[in-house]
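Enquirer: Here it is, the structure in full.
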Amino acid sequence: MISYPFEYSRPDTIEEALDQLGDNVKLLAGGHSLIPALKLRLSAPDKLVDIARIPALKEIKVEDGEVVIGGAATHREIMDSEIIQEHLPMLSKGAAAVGDPMIRYKGTMGGSLAHADPSADWPAMILAAGCTIVVRNKTGERRIGGDDFFTGFYSTALEDGDILTQIRFPIPAEGTRMTYQKFTQPASRFAIVGCAAARLPDGSARVAFTGVADAPFRDHTVEAAITDWSEGTLEAAAAQAAEGQNINADHYASEEYRLHLARVYCKRALMALV
Ligand SMILES: Cc1cc2nc3c(=O)[nH]c(=O)nc-3n(C[C@H](O)[C@H](O)[C@H](O)COP(=O)(O)OP(=O)(O)OC[C@H]3O[C@@H](n4cnc5c(N)ncnc54)[C@H](O)[C@@H]3O)c2cc1C
C-alpha cells in the first residue's frame with residue numbers, strides 16, 4: 001500500500017531536529033519499523049524528520065568512564081565498532097543476530113528502543129548490560145535508567161517531542177561477562193524468546209528477557225536465585241524464569257511453549273557464563 005502524503009526534512013543537528021518537532025510530526029531513523037507502519041496506513045504523520053544522518057547521533061565513543069552509543073547508530077555500526085567489541089562484546093555479537101544485512105545497515109538502536117517491539121533484541125541486552133538512556137527535547141535533557149525505560153506494550157518513557165540521543169553503559173568491571181541467547185523467528189529473525197545475562201565480578205547477575213511478555217523485563221527472581229554459579233543452582237534459578245509474568249501467546253509460540261523456551265534459554269545463557 002502507499003502511505004498517506006507527508007512532508008520530509010533532514011536536519012543536520014539535534015537542535016534543528018528538535019525545532020521541527022511538533023503536532024503529528026514523527027522522527028524517522030532507519031525506517032524499518034516506521035515505513036511499514038506508514039505503508040499499512042497504521043500511522044499518518046504530517047511530517048517526518050529524518051535524524052538518521054545527524055553526526056552527533058551516530059557517535060560510538062568512550063566518555064566519562066562510559067561507553068556511549070548515539071541514538072542513530074545502526075545495528076551494523078554497533079556490530080563493527082572496535083569500542084563495542086572491546087568493552088561490550090555481547091552487543092557486537094547481539095547486533096549480528098538482528099534481522100538480516102539490510103536491516104542491520106539501516107535499523108538503529110535508538111529506533112529499536114523507541115519503537116519497543118516486544119520481540120526486539122536490544123531491550124534484553126541493554127537491560128542486562130545496565131544502561132542509562134539520554135533524551136533531549138526543546139526544554140533540555142533528561143536521563144532515564146534502563147530499568148525504567150520500557151513501560152508496556154510498544155510503550156516507553158519517551159514523551160512527545162523527545163529524541164533519544166544516547167544509550168550510555170558503564171564500562172564493565174574487569175571479570176564481567178555477558179551473553180545474549182535467542183530462539184529466533186526464522187523469517188524475520190526477531191526473538192520469539194531472548195535472554196541476556198551478565199555475570200558480575202561479585203558473583204551477582206543481571207538477567208533480562210525479550211519476546212516473553214508485553215514488554216522486556218529484568219528477572220529479579222532469577223537474579224536472586226543465583227547464589228553461586230554451580231550448574232544445580234543455575235538450573236534451579238532458570239526454572240523460575242518469567243515467574244509471575246503475563247506470557248505472550250501467538251501463532252509462533254503458545255504461552256506454555258514460550259515459558260518453556262524462556263527457561264531453556266535462561267539456563268543456556270547462565271551456563272554460557274560459567
Ligand atoms: C524484516 C525485518 C526484520 C527485522 N528483524 C529484527 C530482529 O531480528 N531483531 C530486532 O530487534 N529487530 C528487527 N527488526 C526491527 C529493526 O531492527 C528496526 O530497525 C527497529 O525496530 C527500528 O529501528 P529504526 O531505526 O528502523 O526506526 P524507525 O523505523 O525509523 O522508527 C521507529 C520508531 O521509533 C521512533 N524513533 C526512531 N528513532 C528515534 C529516536 N532517536 N528518538 C526517539 N524516537 C525515535 C520513530 O519515530 C518511530 O516511531 C526487523 C525489521 C524488519 C522490517
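Each chain of the C-alpha cells is named A, B, ... in the order shown, its residues numbered from 1; ligands are numbered from 1 in display order.
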Find the residues of chain A that sit at most 7 Å from ligand 1; for each, write down the nearest two atoms and how far apart they are in Å, to one decimal. Count only C-alpha atoms and all ligand atoms. Sort by chain, then by number going up, and give it as a Markdown table.
Expert:
| residue | atom | partner | partner_atom_place_in_ligand_line | distance |
| --- | --- | --- | --- | --- |
| A:Lys26 | CA | ligand 1 | 47 (O) | 4.7 |
| A:Leu27 | CA | ligand 1 | 47 (O) | 3.8 |
| A:Leu28 | CA | ligand 1 | 30 (O) | 4.1 |
| A:Ala29 | CA | ligand 1 | 30 (O) | 3.4 |
| A:Gly30 | CA | ligand 1 | 25 (O) | 3.4 |
| A:Gly31 | CA | ligand 1 | 30 (O) | 3.3 |
| A:His32 | CA | ligand 1 | 26 (O) | 3.6 |
| A:Ser33 | CA | ligand 1 | 29 (O) | 3.4 |
| A:Leu34 | CA | ligand 1 | 29 (O) | 3.7 |
| A:Ile35 | CA | ligand 1 | 29 (O) | 6.1 |
| A:Gly71 | CA | ligand 1 | 41 (N) | 4.7 |
| A:Ala72 | CA | ligand 1 | 41 (N) | 5.8 |
| A:Ala97 | CA | ligand 1 | 8 (O) | 6.4 |
| A:Val98 | CA | ligand 1 | 8 (O) | 3.9 |
| A:Gly99 | CA | ligand 1 | 5 (N) | 3.5 |
| A:Asp100 | CA | ligand 1 | 3 (C) | 6.8 |
| A:Ile103 | CA | ligand 1 | 16 (C) | 5.8 |
| A:Arg104 | CA | ligand 1 | 17 (O) | 6.9 |
| A:Lys106 | CA | ligand 1 | 26 (O) | 6.3 |
| A:Gly107 | CA | ligand 1 | 19 (O) | 3.1 |
| A:Thr108 | CA | ligand 1 | 25 (O) | 3.7 |
| A:Met109 | CA | ligand 1 | 23 (O) | 6.3 |
| A:Gly110 | CA | ligand 1 | 41 (N) | 4.5 |
| A:Gly111 | CA | ligand 1 | 37 (C) | 3.5 |
| A:Ser112 | CA | ligand 1 | 21 (O) | 3.8 |
| A:Ala114 | CA | ligand 1 | 34 (O) | 4.5 |
| A:His115 | CA | ligand 1 | 33 (C) | 4.3 |
| A:Asp117 | CA | ligand 1 | 21 (O) | 6.6 |
| A:Ser119 | CA | ligand 1 | 11 (O) | 6.6 |
| A:Ala120 | CA | ligand 1 | 11 (O) | 3.3 |
| A:Asp121 | CA | ligand 1 | 11 (O) | 3.9 |
| A:Trp122 | CA | ligand 1 | 11 (O) | 5.8 |
| A:Asp162 | CA | ligand 1 | 43 (C) | 5.9 |
| A:Ile163 | CA | ligand 1 | 42 (N) | 3.8 |
| A:Leu164 | CA | ligand 1 | 42 (N) | 3.7 |
| A:Thr165 | CA | ligand 1 | 41 (N) | 5.7 |
| A:Ser188 | CA | ligand 1 | 3 (C) | 4.2 |
| A:Arg189 | CA | ligand 1 | 8 (O) | 3.6 |
| A:Phe190 | CA | ligand 1 | 8 (O) | 3.4 |
| A:Ala191 | CA | ligand 1 | 8 (O) | 6.3 |
Enquirer: Choose the residue, out of A:Leu91, A:Ala253, A:Leu57, A:Val207, that has the smallest atom-to-atom separation from Leu127 (chain A); count only C-alpha atoms.
Expert: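 Between A:Leu91, A:Ala253, A:Leu57, A:Val207, the residue approaching Leu127 (chain A) most closely is A:Val207.
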Enquirer: Name the residues of region 2-223 of chain A that come out as strand (DSSP E) in a backbone DSSP run; write them as a ChimeraX atom specification.
Expert: /A:7-9,25-28,47-50,60-63,66-70,132-137,140-145,150-152,155-156,163-170,177-184,191-199,205-210,217-218
Enquirer: For Glu141 (chain A), which residue out of A:Gly232, A:Pro123, A:Gly161, A:Gly211 is the nearest one, using only C-alpha atoms?
Expert: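 Closest residue, counting only C-alpha atoms: A:Gly161.
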Enquirer: Rank nothing, just name the residue among A:Thr132, A:Thr139, A:Thr210, A:Thr221 nearest to Ile247 (chain A), using only C-alpha atoms.
Expert: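 For Ile247 (chain A), the nearest of the given residues is A:Thr210.
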